[in-house]
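Coordinates as given in work30.pdb (PDB, C-alpha atoms and all ligand atoms):
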```
ATOM      1  CA  MET C   1      21.530  22.330  -3.943
ATOM      2  CA  SER C   2      22.704  19.006  -2.686
ATOM      3  CA  ILE C   3      24.890  16.619  -4.611
ATOM      4  CA  LYS C   4      23.672  13.469  -6.262
ATOM      5  CA  ILE C   5      24.632  10.073  -4.963
ATOM      6  CA  ALA C   6      26.350   8.318  -7.820
ATOM      7  CA  SER C   7      24.260   5.244  -8.534
ATOM      8  CA  GLU C   8      26.951   3.755 -10.767
ATOM      9  CA  ALA C   9      28.868   2.965  -7.574
ATOM     10  CA  GLY C  10      26.809  -0.225  -7.593
ATOM     11  CA  PRO C  11      26.040  -2.635  -4.782
ATOM     12  CA  THR C  12      29.510  -4.235  -4.767
ATOM     13  CA  LEU C  13      31.314  -1.147  -3.466
ATOM     14  CA  PRO C  14      31.130  -1.139   0.324
ATOM     15  CA  LEU C  15      30.270   2.192   1.950
ATOM     16  CA  LEU C  16      33.221   4.055   3.393
ATOM     17  CA  PHE C  17      33.392   6.975   5.854
ATOM     18  CA  ASP C  18      36.217   9.526   5.547
ATOM     19  CA  THR C  19      36.474  10.638   9.178
ATOM     20  CA  HIS C  20      39.027  13.357   8.492
ATOM     21  CA  CYS C  21      38.921  15.535   5.398
ATOM     22  CA  HIS C  22      39.544  19.293   5.237
ATOM     23  CA  LEU C  23      37.145  20.094   2.407
ATOM     24  CA  ASP C  24      37.018  23.752   3.454
ATOM     25  CA  LEU C  25      40.732  24.419   2.957
ATOM     26  CA  PRO C  26      41.804  26.393  -0.141
ATOM     27  CA  GLU C  27      43.240  23.333  -1.942
ATOM     28  CA  LEU C  28      39.828  21.592  -2.015
ATOM     29  CA  LEU C  29      37.175  24.291  -1.508
ATOM     30  CA  PRO C  30      36.990  25.648  -5.094
ATOM     31  CA  GLN C  31      36.063  22.159  -6.364
ATOM     32  CA  LEU C  32      34.280  20.895  -3.284
ATOM     33  CA  GLU C  33      31.237  19.581  -5.144
ATOM     34  CA  PHE C  34      33.436  17.739  -7.656
ATOM     35  CA  HIS C  35      35.485  16.146  -4.879
ATOM     36  CA  LEU C  36      32.354  14.955  -3.075
ATOM     37  CA  GLN C  37      30.845  13.527  -6.248
ATOM     38  CA  GLN C  38      34.080  11.752  -7.128
ATOM     39  CA  ALA C  39      34.304  10.316  -3.613
ATOM     40  CA  CYS C  40      30.630   9.235  -3.662
ATOM     41  CA  ALA C  41      31.136   7.433  -6.965
ATOM     42  CA  LEU C  42      33.801   5.347  -5.233
ATOM     43  CA  GLY C  43      31.609   4.474  -2.265
ATOM     44  CA  VAL C  44      32.803   7.215   0.093
ATOM     45  CA  GLN C  45      29.352   8.093   1.353
ATOM     46  CA  ALA C  46      30.150  10.070   4.485
ATOM     47  CA  VAL C  47      32.795  12.660   5.312
ATOM     48  CA  LEU C  48      33.687  14.421   8.554
ATOM     49  CA  VAL C  49      35.183  17.874   8.030
ATOM     50  CA  PRO C  50      37.028  19.173  11.112
ATOM     51  CA  ALA C  51      37.543  22.937  11.259
ATOM     52  CA  VAL C  52      41.009  24.342  11.868
ATOM     53  CA  GLU C  53      40.359  27.908  13.035
ATOM     54  CA  GLN C  54      37.601  30.183  14.300
ATOM     55  CA  LYS C  55      37.079  32.179  11.117
ATOM     56  CA  ASN C  56      36.161  28.974   9.258
ATOM     57  CA  TRP C  57      33.452  27.871  11.692
ATOM     58  CA  LEU C  58      30.466  29.784  10.280
ATOM     59  CA  PRO C  59      31.392  29.221   6.606
ATOM     60  CA  LEU C  60      31.833  25.519   7.353
ATOM     61  CA  LEU C  61      28.402  25.292   8.992
ATOM     62  CA  ALA C  62      26.921  26.996   5.918
ATOM     63  CA  LEU C  63      28.615  24.472   3.612
ATOM     64  CA  GLN C  64      27.314  21.655   5.785
ATOM     65  CA  GLN C  65      23.742  22.839   5.255
ATOM     66  CA  GLN C  66      24.310  22.602   1.523
ATOM     67  CA  PHE C  67      26.324  19.414   1.183
ATOM     68  CA  LYS C  68      25.268  17.332   4.209
ATOM     69  CA  PHE C  69      28.689  16.235   5.365
ATOM     70  CA  ASP C  70      29.449  16.065   9.093
ATOM     71  CA  VAL C  71      31.449  18.725  10.908
ATOM     72  CA  ALA C  72      33.613  19.206  13.971
ATOM     73  CA  LEU C  73      34.504  22.665  15.258
ATOM     74  CA  GLY C  74      37.719  23.633  16.990
ATOM     75  CA  VAL C  75      41.078  25.399  16.846
ATOM     76  CA  HIS C  76      43.859  23.206  15.409
ATOM     77  CA  PRO C  77      47.195  23.420  17.257
ATOM     78  CA  TRP C  78      48.853  24.943  14.167
ATOM     79  CA  TRP C  79      46.488  27.916  14.506
ATOM     80  CA  ALA C  80      46.543  28.137  18.338
ATOM     81  CA  ALA C  81      49.275  30.767  18.579
ATOM     82  CA  SER C  82      47.383  33.148  16.273
ATOM     83  CA  ALA C  83      43.910  32.368  17.665
ATOM     84  CA  GLN C  84      41.747  34.876  19.518
ATOM     85  CA  LEU C  85      40.772  34.001  23.075
ATOM     86  CA  ASN C  86      37.128  34.780  22.297
ATOM     87  CA  ALA C  87      37.128  31.597  20.201
ATOM     88  CA  LEU C  88      36.797  29.777  23.523
ATOM     89  CA  GLU C  89      33.568  31.705  24.188
ATOM     90  CA  GLN C  90      32.110  31.228  20.727
ATOM     91  CA  LEU C  91      32.952  27.515  20.501
ATOM     92  CA  PRO C  92      30.559  26.229  23.207
ATOM     93  CA  GLN C  93      27.673  28.208  21.673
ATOM     94  CA  LEU C  94      28.222  26.992  18.121
ATOM     95  CA  ALA C  95      29.274  23.465  18.997
ATOM     96  CA  ALA C  96      26.208  22.875  21.172
ATOM     97  CA  GLN C  97      24.153  22.590  17.964
ATOM     98  CA  PRO C  98      23.234  19.003  17.073
ATOM     99  CA  GLU C  99      24.780  19.518  13.602
ATOM    100  CA  VAL C 100      28.239  19.662  15.222
ATOM    101  CA  CYS C 101      29.171  16.111  16.077
ATOM    102  CA  ALA C 102      32.598  16.681  17.668
ATOM    103  CA  ILE C 103      35.140  19.211  18.909
ATOM    104  CA  GLY C 104      38.102  19.262  16.554
ATOM    105  CA  GLU C 105      40.565  19.443  15.235
ATOM    106  CA  ILE C 106      42.305  20.002  18.544
ATOM    107  CA  GLY C 107      45.516  18.690  20.044
ATOM    108  CA  LEU C 108      49.214  19.316  20.556
ATOM    109  CA  ASP C 109      51.995  19.471  17.987
ATOM    110  CA  TYR C 110      55.473  19.458  19.500
ATOM    111  CA  ALA C 111      57.160  19.523  16.116
ATOM    112  CA  LEU C 112      56.190  23.202  15.927
ATOM    113  CA  ASP C 113      58.243  26.083  17.347
ATOM    114  CA  GLU C 114      58.491  26.034  21.133
ATOM    115  CA  ALA C 115      57.124  29.575  21.210
ATOM    116  CA  THR C 116      53.695  28.134  20.319
ATOM    117  CA  PHE C 117      53.578  25.529  23.103
ATOM    118  CA  ALA C 118      51.885  27.691  25.757
ATOM    119  CA  ALA C 119      49.083  28.739  23.388
ATOM    120  CA  GLN C 120      48.704  25.153  22.172
ATOM    121  CA  ALA C 121      48.406  23.860  25.750
ATOM    122  CA  LEU C 122      45.849  26.514  26.661
ATOM    123  CA  PHE C 123      43.656  25.878  23.614
ATOM    124  CA  PHE C 124      43.884  22.110  23.930
ATOM    125  CA  SER C 125      42.948  21.932  27.608
ATOM    126  CA  GLN C 126      40.142  24.504  27.263
ATOM    127  CA  GLN C 127      38.665  22.825  24.194
ATOM    128  CA  LEU C 128      38.832  19.407  25.829
ATOM    129  CA  ALA C 129      36.910  20.896  28.776
ATOM    130  CA  ILE C 130      34.330  22.338  26.350
ATOM    131  CA  ALA C 131      33.885  18.906  24.749
ATOM    132  CA  LYS C 132      33.446  17.365  28.188
ATOM    133  CA  ALA C 133      30.822  19.962  29.153
ATOM    134  CA  LEU C 134      28.971  19.434  25.855
ATOM    135  CA  LYS C 135      29.361  15.634  26.127
ATOM    136  CA  LYS C 136      30.828  15.442  22.627
ATOM    137  CA  PRO C 137      33.785  13.431  21.299
ATOM    138  CA  VAL C 138      37.001  15.078  20.102
ATOM    139  CA  VAL C 139      39.148  14.808  16.964
ATOM    140  CA  LEU C 140      42.762  14.798  18.122
ATOM    141  CA  HIS C 141      45.880  15.952  16.293
ATOM    142  CA  HIS C 142      49.158  14.569  17.605
ATOM    143  CA  ARG C 143      52.821  14.956  16.729
ATOM    144  CA  LYS C 144      55.436  14.035  19.317
ATOM    145  CA  SER C 145      52.680  14.624  21.872
ATOM    146  CA  MET C 146      50.887  11.355  22.654
ATOM    147  CA  VAL C 147      52.081  11.282  26.270
ATOM    148  CA  GLN C 148      50.919  14.840  26.926
ATOM    149  CA  LEU C 149      47.552  14.268  25.215
ATOM    150  CA  LEU C 150      46.922  11.170  27.325
ATOM    151  CA  ALA C 151      47.930  13.022  30.498
ATOM    152  CA  GLU C 152      45.448  15.853  29.861
ATOM    153  CA  ILE C 153      42.633  13.432  28.922
ATOM    154  CA  LYS C 154      43.199  11.553  32.191
ATOM    155  CA  LEU C 155      43.611  14.740  34.241
ATOM    156  CA  GLN C 156      40.260  16.063  33.030
ATOM    157  CA  GLN C 157      38.666  12.611  33.317
ATOM    158  CA  PHE C 158      37.448  13.095  29.768
ATOM    159  CA  ASN C 159      35.222  10.126  28.943
ATOM    160  CA  GLU C 160      33.530  11.120  25.686
ATOM    161  CA  GLY C 161      36.109   9.442  23.447
ATOM    162  CA  GLY C 162      36.860  10.491  19.908
ATOM    163  CA  ILE C 163      39.341   9.859  17.139
ATOM    164  CA  LEU C 164      43.120   9.966  17.374
ATOM    165  CA  HIS C 165      43.587  11.268  13.862
ATOM    166  CA  ALA C 166      46.463  10.160  11.607
ATOM    167  CA  PHE C 167      47.577   7.347  13.846
ATOM    168  CA  SER C 168      51.167   6.347  13.475
ATOM    169  CA  GLY C 169      53.125   4.615  16.174
ATOM    170  CA  SER C 170      53.425   1.385  18.109
ATOM    171  CA  TYR C 171      50.774  -1.030  19.327
ATOM    172  CA  GLN C 172      51.268   0.198  22.910
ATOM    173  CA  GLN C 173      50.846   3.843  21.896
ATOM    174  CA  GLY C 174      47.603   3.126  20.063
ATOM    175  CA  LYS C 175      46.309   0.822  22.779
ATOM    176  CA  ALA C 176      46.647   3.566  25.386
ATOM    177  CA  PHE C 177      44.113   5.678  23.438
ATOM    178  CA  ILE C 178      41.833   2.707  22.699
ATOM    179  CA  ASP C 179      41.701   1.993  26.431
ATOM    180  CA  LEU C 180      40.377   5.537  26.959
ATOM    181  CA  GLY C 181      37.560   5.039  24.438
ATOM    182  CA  PHE C 182      39.249   6.414  21.318
ATOM    183  CA  LYS C 183      39.243   5.092  17.782
ATOM    184  CA  LEU C 184      42.443   5.329  15.732
ATOM    185  CA  GLY C 185      42.248   7.220  12.426
ATOM    186  CA  ILE C 186      43.986   5.077   9.791
ATOM    187  CA  GLY C 187      45.150   7.013   6.740
ATOM    188  CA  GLY C 188      47.680   7.042   3.927
ATOM    189  CA  THR C 189      50.583   6.316   6.272
ATOM    190  CA  ILE C 190      49.934   2.575   5.890
ATOM    191  CA  SER C 191      50.508   2.797   2.124
ATOM    192  CA  TYR C 192      54.204   3.537   2.698
ATOM    193  CA  GLN C 193      56.714   0.733   2.877
ATOM    194  CA  ARG C 194      58.743   2.510   5.553
ATOM    195  CA  ALA C 195      55.788   2.592   8.015
ATOM    196  CA  GLU C 196      56.659  -0.848   9.380
ATOM    197  CA  LYS C 197      55.940  -0.148  13.048
ATOM    198  CA  THR C 198      52.552   1.425  12.316
ATOM    199  CA  LYS C 199      51.532  -1.352   9.909
ATOM    200  CA  LYS C 200      52.502  -4.031  12.405
ATOM    201  CA  ALA C 201      50.364  -2.307  15.044
ATOM    202  CA  VAL C 202      47.393  -1.802  12.679
ATOM    203  CA  LYS C 203      47.361  -5.541  11.937
ATOM    204  CA  LYS C 204      46.939  -6.296  15.631
ATOM    205  CA  PHE C 205      44.451  -3.698  16.877
ATOM    206  CA  PRO C 206      40.888  -4.862  17.544
ATOM    207  CA  LEU C 207      38.847  -4.049  14.444
ATOM    208  CA  ASP C 208      36.296  -2.095  16.461
ATOM    209  CA  ALA C 209      39.012   0.448  17.335
ATOM    210  CA  LEU C 210      39.731   1.606  13.775
ATOM    211  CA  VAL C 211      38.267   4.254  11.450
ATOM    212  CA  LEU C 212      39.429   5.410   8.014
ATOM    213  CA  GLU C 213      40.556   8.875   6.934
ATOM    214  CA  THR C 214      42.344  10.685   4.136
ATOM    215  CA  ASP C 215      43.338  13.947   5.910
ATOM    216  CA  ALA C 216      42.909  15.510   2.455
ATOM    217  CA  PRO C 217      44.344  17.777   1.123
ATOM    218  CA  ALA C 218      47.322  16.604   3.218
ATOM    219  CA  MET C 219      48.904  13.152   3.572
ATOM    220  CA  PRO C 220      48.994  11.898  -0.040
ATOM    221  CA  LEU C 221      49.343   8.132  -0.372
ATOM    222  CA  SER C 222      52.497   6.404  -1.513
ATOM    223  CA  GLY C 223      52.806   6.967  -5.247
ATOM    224  CA  PHE C 224      50.944  10.296  -5.043
ATOM    225  CA  GLN C 225      53.554  12.364  -3.201
ATOM    226  CA  GLY C 226      53.471  16.049  -4.097
ATOM    227  CA  GLN C 227      49.814  15.854  -5.208
ATOM    228  CA  VAL C 228      46.768  17.275  -3.446
ATOM    229  CA  ASN C 229      45.086  14.439  -1.562
ATOM    230  CA  THR C 230      41.302  14.055  -2.025
ATOM    231  CA  PRO C 231      38.487  12.139  -0.270
ATOM    232  CA  ALA C 232      38.200   9.796  -3.288
ATOM    233  CA  GLN C 233      41.577   8.384  -2.239
ATOM    234  CA  LEU C 234      39.886   6.804   0.783
ATOM    235  CA  ARG C 235      39.242   3.814  -1.467
ATOM    236  CA  LEU C 236      43.015   3.231  -1.644
ATOM    237  CA  VAL C 237      43.430   3.653   2.111
ATOM    238  CA  PHE C 238      40.771   0.962   2.499
ATOM    239  CA  GLN C 239      42.647  -1.302   0.064
ATOM    240  CA  ALA C 240      45.886  -0.792   2.000
ATOM    241  CA  LEU C 241      44.113  -1.692   5.243
ATOM    242  CA  LEU C 242      42.486  -4.719   3.620
ATOM    243  CA  GLU C 243      45.956  -6.021   2.750
ATOM    244  CA  LEU C 244      47.040  -5.749   6.381
ATOM    245  CA  ARG C 245      43.948  -7.315   7.932
ATOM    246  CA  SER C 246      42.586 -10.847   7.917
ATOM    247  CA  GLU C 247      38.885  -9.884   7.646
ATOM    248  CA  PRO C 248      37.070 -10.069   4.279
ATOM    249  CA  ALA C 249      36.381  -6.727   2.556
ATOM    250  CA  THR C 250      32.658  -6.574   3.305
ATOM    251  CA  GLN C 251      33.137  -7.312   6.997
ATOM    252  CA  LEU C 252      35.999  -4.832   7.253
ATOM    253  CA  ALA C 253      34.037  -2.034   5.552
ATOM    254  CA  ALA C 254      30.867  -2.673   7.538
ATOM    255  CA  GLN C 255      32.719  -2.590  10.865
ATOM    256  CA  LEU C 256      34.674   0.570   9.949
ATOM    257  CA  TRP C 257      31.416   2.298   8.978
ATOM    258  CA  GLN C 258      29.813   1.242  12.242
ATOM    259  CA  ASN C 259      32.866   2.378  14.262
ATOM    260  CA  SER C 260      32.768   5.819  12.621
ATOM    261  CA  CYS C 261      29.076   6.319  13.336
ATOM    262  CA  GLN C 262      29.417   4.997  16.863
ATOM    263  CA  VAL C 263      32.312   7.231  17.915
ATOM    264  CA  LEU C 264      30.734  10.322  16.328
ATOM    265  CA  ARG C 265      27.257   9.301  17.592
ATOM    266  CA  LEU C 266      25.688   9.470  14.180
ATOM    267  CA  ASN C 267      22.777   7.539  12.786
ATOM    268  CA  ALA C 268      24.406   4.829  10.680
ATOM    269  CA  GLN C 269      21.554   4.721   8.152
ATOM    270  CA  SER C 270      21.254   8.427   7.396
ATOM    271  CA  ARG C 271      24.911   9.257   6.788
ATOM    272  CA  LEU C 272      24.665   9.299   3.017
ATOM    273  CA  LEU C 273      26.127  12.448   1.482
ATOM    274  CA  GLY C 274      23.548  14.450  -0.347
ATOM    275  CA  SER C 275      20.618  12.921   1.530
ATOM    276  CA  ALA C 276      18.456  15.337   3.463
TER     277      ALA C 276
HETATM  278 ZN    ZN R   1      43.514  17.529  10.034
END
```
Once you've parsed the file, please lay out its structure as structure tokens.
Ligand SMILES: [Zn+2]
Amino acid sequence: MSIKIASEAGPTLPLLFDTHCHLDLPELLPQLEFHLQQACALGVQAVLVPAVEQKNWLPLLALQQQFKFDVALGVHPWWAASAQLNALEQLPQLAAQPEVCAIGEIGLDYALDEATFAAQALFFSQQLAIAKALKKPVVLHHRKSMVQLLAEIKLQQFNEGGILHAFSGSYQQGKAFIDLGFKLGIGGTISYQRAEKTKKAVKKFPLDALVLETDAPAMPLSGFQGQVNTPAQLRLVFQALLELRSEPATQLAAQLWQNSCQVLRLNAQSRLLGSA
């Protein structure tokens, strides 16, 4: 069964792509179909679901068959310390399928306990190498780790690009990833008044370097703290970005949609949720 595209969305709602939404996590999974329908009704017509650990890969691929969202496979740095090494053997086999558009969510998180750093480094460098061999983009997680991520990307001469998810930081920090072929994932951070540095940077970046994301169920927008975030909230992320940018809404939405499809190498016309 595939979900219906809500026709009441109407022609005035521009199409939006949530490039980072963990629909398979326990907070969202029980009502996955509802969340997708609610998002669709608000114009969110494509969603990328990045896996976080090996045991979710096959269930996620099964859900993708049913609901027609896009998927990335990988081991998230939060799960690296508890991951099995055979994940690095299974990943290239599964991720070689055309249904898997990226390797992710991968990266480095230096806000975690230092005891996890060695495992994080191993899984990040190996998964980046897998993405390079498969010629697929990556979905990157960062926290206090931009310098180290950039160093590894340069060391491996990784040229497939991808998305630096949950961008927050300065213009220079973002630009360093853009220069290596990455898009910056813009999420609920820009709805917070305190995010001055990030908002200033987001105003200035070239529009073709940005994509939208919710990071649901995490990263609730300002005013929704303590609540489970959902893909329908992408509409509000778009509104927050619209306030920062000079482009009109239709131009902004069209370019963001095109950026998402380009970086994930997807057919821009056939990305409608629920379409076969
Ligand atoms: Zn994530």
For this session: Determine the residue set returned by the PyMOL selection byres (((not hetatm)) within 8 of (chain R and resi 1)) for the present structure, and present it as a PyMOL selection string.
Result: chain C and resi 20-22+50+52+76+105+141+165+215-216+218
Exercise. Contacts of Arg265 (chain C) at 12 Å or less, counting all atoms listed in the file, minus same-chain residues fewer than 5 places along, as a PyMOL selection string?
Worked result: chain C and resi 70+98-102+135-138+160-162+257-260+270-271
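Take the candidates C:Gln251, C:Gln127, C:Gln54, C:Ser222 and check each one against Gln193 (chain C) using all atoms listed in the file; the shortest distance goes to C:Ser222.
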For this session: Quote the spacing between CA of Ala201 (chain C) and CA of Val263 (chain C) in Å to one decimal place.
Result: 20.6 Å
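Put simply, the PyMOL selection byres (((chain C and resi 112-115) around 12) and not hetatm) in this file takes in Pro77, Trp78, Trp79, Ala80, Ala81, Ser82, Leu108, Asp109, Tyr110, Ala111, Thr116, Phe117, Ala118, Ala119, Gln120, Ala121, His142, Arg143, Lys144 and Ser145 of chain C.
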